[in-house]
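Novice: Below are the structure tokens for one structure; questions will follow.
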Amino acid sequence: MSVRESFPNLWQFFGGYFHQDWTHDSSDPDVIIRTFIDDSSSHVLVSVHTELNSLLNQDLSDADLRESLTKLGCYVHYPAIGMTAREWLTHVCARLSELADQKGAGKAT
């Protein structure tokens, strides 16, 4: 099974928000993550977060994670921001959790 088939929501997230021209929208990856959260339903957010955790929990080398990110359509050059592939994915996971919680906390019940 391909990475895209194993992680269809991550493929949609990275390919849709961190595509080749993502810096035209913002040069700050956290702004892009915030945009994704603002654009997405709770179901999509949970699915992406679950798949991201699943990818991180695999015993993959940084080289394997870089290859997976490329196959998922992620064009962030995380070494330029001082991160490895694993650190980048961990950062994205943490930001998704934090910002999604804020989004949920801001909703009227």
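Chain labels A, B, ... are given in the sequence in which chains occur in the structure tokens; within each chain residues are numbered consecutively from 1, and ligands are likewise numbered from 1 in the order shown.
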If we count only C-alpha atoms, what is near region 64-66 of chain A at a cut-off of 12 Å, once residues fewer than 5 positions away on the same chain are taken out, given as a VMD selection string?
Specialist: chain A and resid 3 52 55 to 59 71 to 79 83 to 90
Novice: Those residues with N, CA and C atoms, as a PDB file, in the first residue's frame please?
Specialist:
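Wrote part15.pdb, looks like this:
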```
ATOM      1  N   VAL A   3       2.027   5.297   0.467  1.00  0.00           N
ATOM      2  CA  VAL A   3       1.894   6.268   1.550  1.00  0.00           C
ATOM      3  C   VAL A   3       0.599   7.058   1.377  1.00  0.00           C
ATOM      4  N   LEU A  52      -1.365  11.562  11.349  1.00  0.00           N
ATOM      5  CA  LEU A  52      -0.060  12.134  11.671  1.00  0.00           C
ATOM      6  C   LEU A  52       0.570  11.386  12.835  1.00  0.00           C
ATOM      7  N   LEU A  55       1.769   8.015  11.570  1.00  0.00           N
ATOM      8  CA  LEU A  55       3.029   8.122  10.837  1.00  0.00           C
ATOM      9  C   LEU A  55       4.202   8.317  11.794  1.00  0.00           C
ATOM     10  N   LEU A  56       4.031   9.172  12.779  1.00  0.00           N
ATOM     11  CA  LEU A  56       5.093   9.422  13.752  1.00  0.00           C
ATOM     12  C   LEU A  56       5.401   8.197  14.606  1.00  0.00           C
ATOM     13  N   ASN A  57       4.406   7.370  14.846  1.00  0.00           N
ATOM     14  CA  ASN A  57       4.602   6.194  15.694  1.00  0.00           C
ATOM     15  C   ASN A  57       5.233   5.017  14.963  1.00  0.00           C
ATOM     16  N   GLN A  58       5.380   5.138  13.658  1.00  0.00           N
ATOM     17  CA  GLN A  58       6.087   4.103  12.910  1.00  0.00           C
ATOM     18  C   GLN A  58       7.582   4.256  13.179  1.00  0.00           C
ATOM     19  N   ASP A  59       8.273   3.166  13.168  1.00  0.00           N
ATOM     20  CA  ASP A  59       9.720   3.192  13.433  1.00  0.00           C
ATOM     21  C   ASP A  59      10.457   3.507  12.134  1.00  0.00           C
ATOM     22  N   LYS A  71       6.211  12.123  -0.803  1.00  0.00           N
ATOM     23  CA  LYS A  71       5.119  11.373  -1.440  1.00  0.00           C
ATOM     24  C   LYS A  71       3.745  11.907  -1.026  1.00  0.00           C
ATOM     25  N   LEU A  72       3.681  12.544   0.137  1.00  0.00           N
ATOM     26  CA  LEU A  72       2.424  13.132   0.607  1.00  0.00           C
ATOM     27  C   LEU A  72       2.218  14.552   0.083  1.00  0.00           C
ATOM     28  N   GLY A  73       3.160  15.036  -0.735  1.00  0.00           N
ATOM     29  CA  GLY A  73       2.993  16.340  -1.358  1.00  0.00           C
ATOM     30  C   GLY A  73       3.430  17.518  -0.507  1.00  0.00           C
ATOM     31  N   CYS A  74       4.257  17.273   0.508  1.00  0.00           N
ATOM     32  CA  CYS A  74       4.717  18.338   1.399  1.00  0.00           C
ATOM     33  C   CYS A  74       5.974  18.994   0.828  1.00  0.00           C
ATOM     34  N   TYR A  75       5.881  20.291   0.574  1.00  0.00           N
ATOM     35  CA  TYR A  75       7.004  21.034   0.018  1.00  0.00           C
ATOM     36  C   TYR A  75       7.627  22.004   1.018  1.00  0.00           C
ATOM     37  N   VAL A  76       7.469  21.741   2.285  1.00  0.00           N
ATOM     38  CA  VAL A  76       8.132  22.563   3.300  1.00  0.00           C
ATOM     39  C   VAL A  76       9.592  22.132   3.362  1.00  0.00           C
ATOM     40  N   HIS A  77      10.483  23.099   3.307  1.00  0.00           N
ATOM     41  CA  HIS A  77      11.918  22.813   3.454  1.00  0.00           C
ATOM     42  C   HIS A  77      12.274  23.015   4.929  1.00  0.00           C
ATOM     43  N   TYR A  78      11.903  22.034   5.736  1.00  0.00           N
ATOM     44  CA  TYR A  78      12.033  22.136   7.193  1.00  0.00           C
ATOM     45  C   TYR A  78      13.475  22.278   7.661  1.00  0.00           C
ATOM     46  N   PRO A  79      14.507  21.784   6.932  1.00  0.00           N
ATOM     47  CA  PRO A  79      15.873  22.076   7.383  1.00  0.00           C
ATOM     48  C   PRO A  79      16.170  23.583   7.431  1.00  0.00           C
ATOM     49  N   MET A  83      14.760  22.163  11.423  1.00  0.00           N
ATOM     50  CA  MET A  83      14.084  20.953  11.888  1.00  0.00           C
ATOM     51  C   MET A  83      14.404  19.754  11.001  1.00  0.00           C
ATOM     52  N   THR A  84      14.373  18.584  11.603  1.00  0.00           N
ATOM     53  CA  THR A  84      14.410  17.330  10.856  1.00  0.00           C
ATOM     54  C   THR A  84      12.976  17.012  10.425  1.00  0.00           C
ATOM     55  N   ALA A  85      12.815  15.988   9.626  1.00  0.00           N
ATOM     56  CA  ALA A  85      11.467  15.576   9.215  1.00  0.00           C
ATOM     57  C   ALA A  85      10.621  15.207  10.430  1.00  0.00           C
ATOM     58  N   ARG A  86      11.204  14.452  11.362  1.00  0.00           N
ATOM     59  CA  ARG A  86      10.462  14.048  12.562  1.00  0.00           C
ATOM     60  C   ARG A  86      10.091  15.265  13.407  1.00  0.00           C
ATOM     61  N   GLU A  87      11.020  16.198  13.556  1.00  0.00           N
ATOM     62  CA  GLU A  87      10.730  17.404  14.321  1.00  0.00           C
ATOM     63  C   GLU A  87       9.631  18.225  13.655  1.00  0.00           C
ATOM     64  N   TRP A  88       9.662  18.316  12.333  1.00  0.00           N
ATOM     65  CA  TRP A  88       8.631  19.045  11.600  1.00  0.00           C
ATOM     66  C   TRP A  88       7.260  18.403  11.825  1.00  0.00           C
ATOM     67  N   LEU A  89       7.188  17.086  11.675  1.00  0.00           N
ATOM     68  CA  LEU A  89       5.921  16.388  11.874  1.00  0.00           C
ATOM     69  C   LEU A  89       5.425  16.528  13.308  1.00  0.00           C
ATOM     70  N   THR A  90       6.322  16.462  14.265  1.00  0.00           N
ATOM     71  CA  THR A  90       5.955  16.638  15.666  1.00  0.00           C
ATOM     72  C   THR A  90       5.432  18.054  15.899  1.00  0.00           C
TER      73      THR A  90
END
```
Novice: Which residue, A:Ala100, A:Val92, A:Glu67, A:Met1, has the smallest gap to Ser40 (chain A) when you use only C-alpha atoms?
Specialist: A:Ala100
Novice: List every residue of chain A that DSSP, applied to the backbone of this structure, places in helix (DSSP H, G or I), and write the result as an NGL selection string.
Specialist: :A and (3-6 or 8-17 or 22-24 or 29-39 or 42-57 or 62-71 or 78-81 or 85-105)
Novice: Between CA of Arg34 (chain A) and CA of Leu99 (chain A), what is the distance, to one decimal in Å?
Specialist: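 According to the coordinates, CA of Arg34 (chain A) and CA of Leu99 (chain A) are separated by 6.8 Å.
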Novice: Near region 36-38 of chain A, within 8 Å and counting only C-alpha atoms, which residues show up once chain neighbours fewer than 4 positions away are dropped, as a PyMOL selection string?
Specialist: chain A and resi 13+17+32+45+96+99-100+103
Novice: Would you mind telling me which residue in A:Ser97, A:Ser61, A:Asn53, A:Thr70 lies nearest to Gly15 (chain A) when using only C-alpha atoms?
Specialist: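 The shortest atom-to-atom distance to Gly15 (chain A) comes from A:Thr70.
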Novice: Calculate how many Å separate CA of Glu5 (chain A) from CA of Ser27 (chain A), rounding to one decimal.
Specialist: 28.8 Å
Novice: Return the single residue from A:Asp28, A:His49, A:Ser6, A:Ser41 that is closest to Ala94 (chain A), with distances computed using only C-alpha atoms.
Specialist: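 Result for the nearest residue to Ala94 (chain A): A:His49.
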Novice: Would you compute the distance between CA of Phe18 (chain A) and CA of Glu51 (chain A)? Give it in Å to one decimal.
Specialist: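 A separation of 16.4 Å between them.
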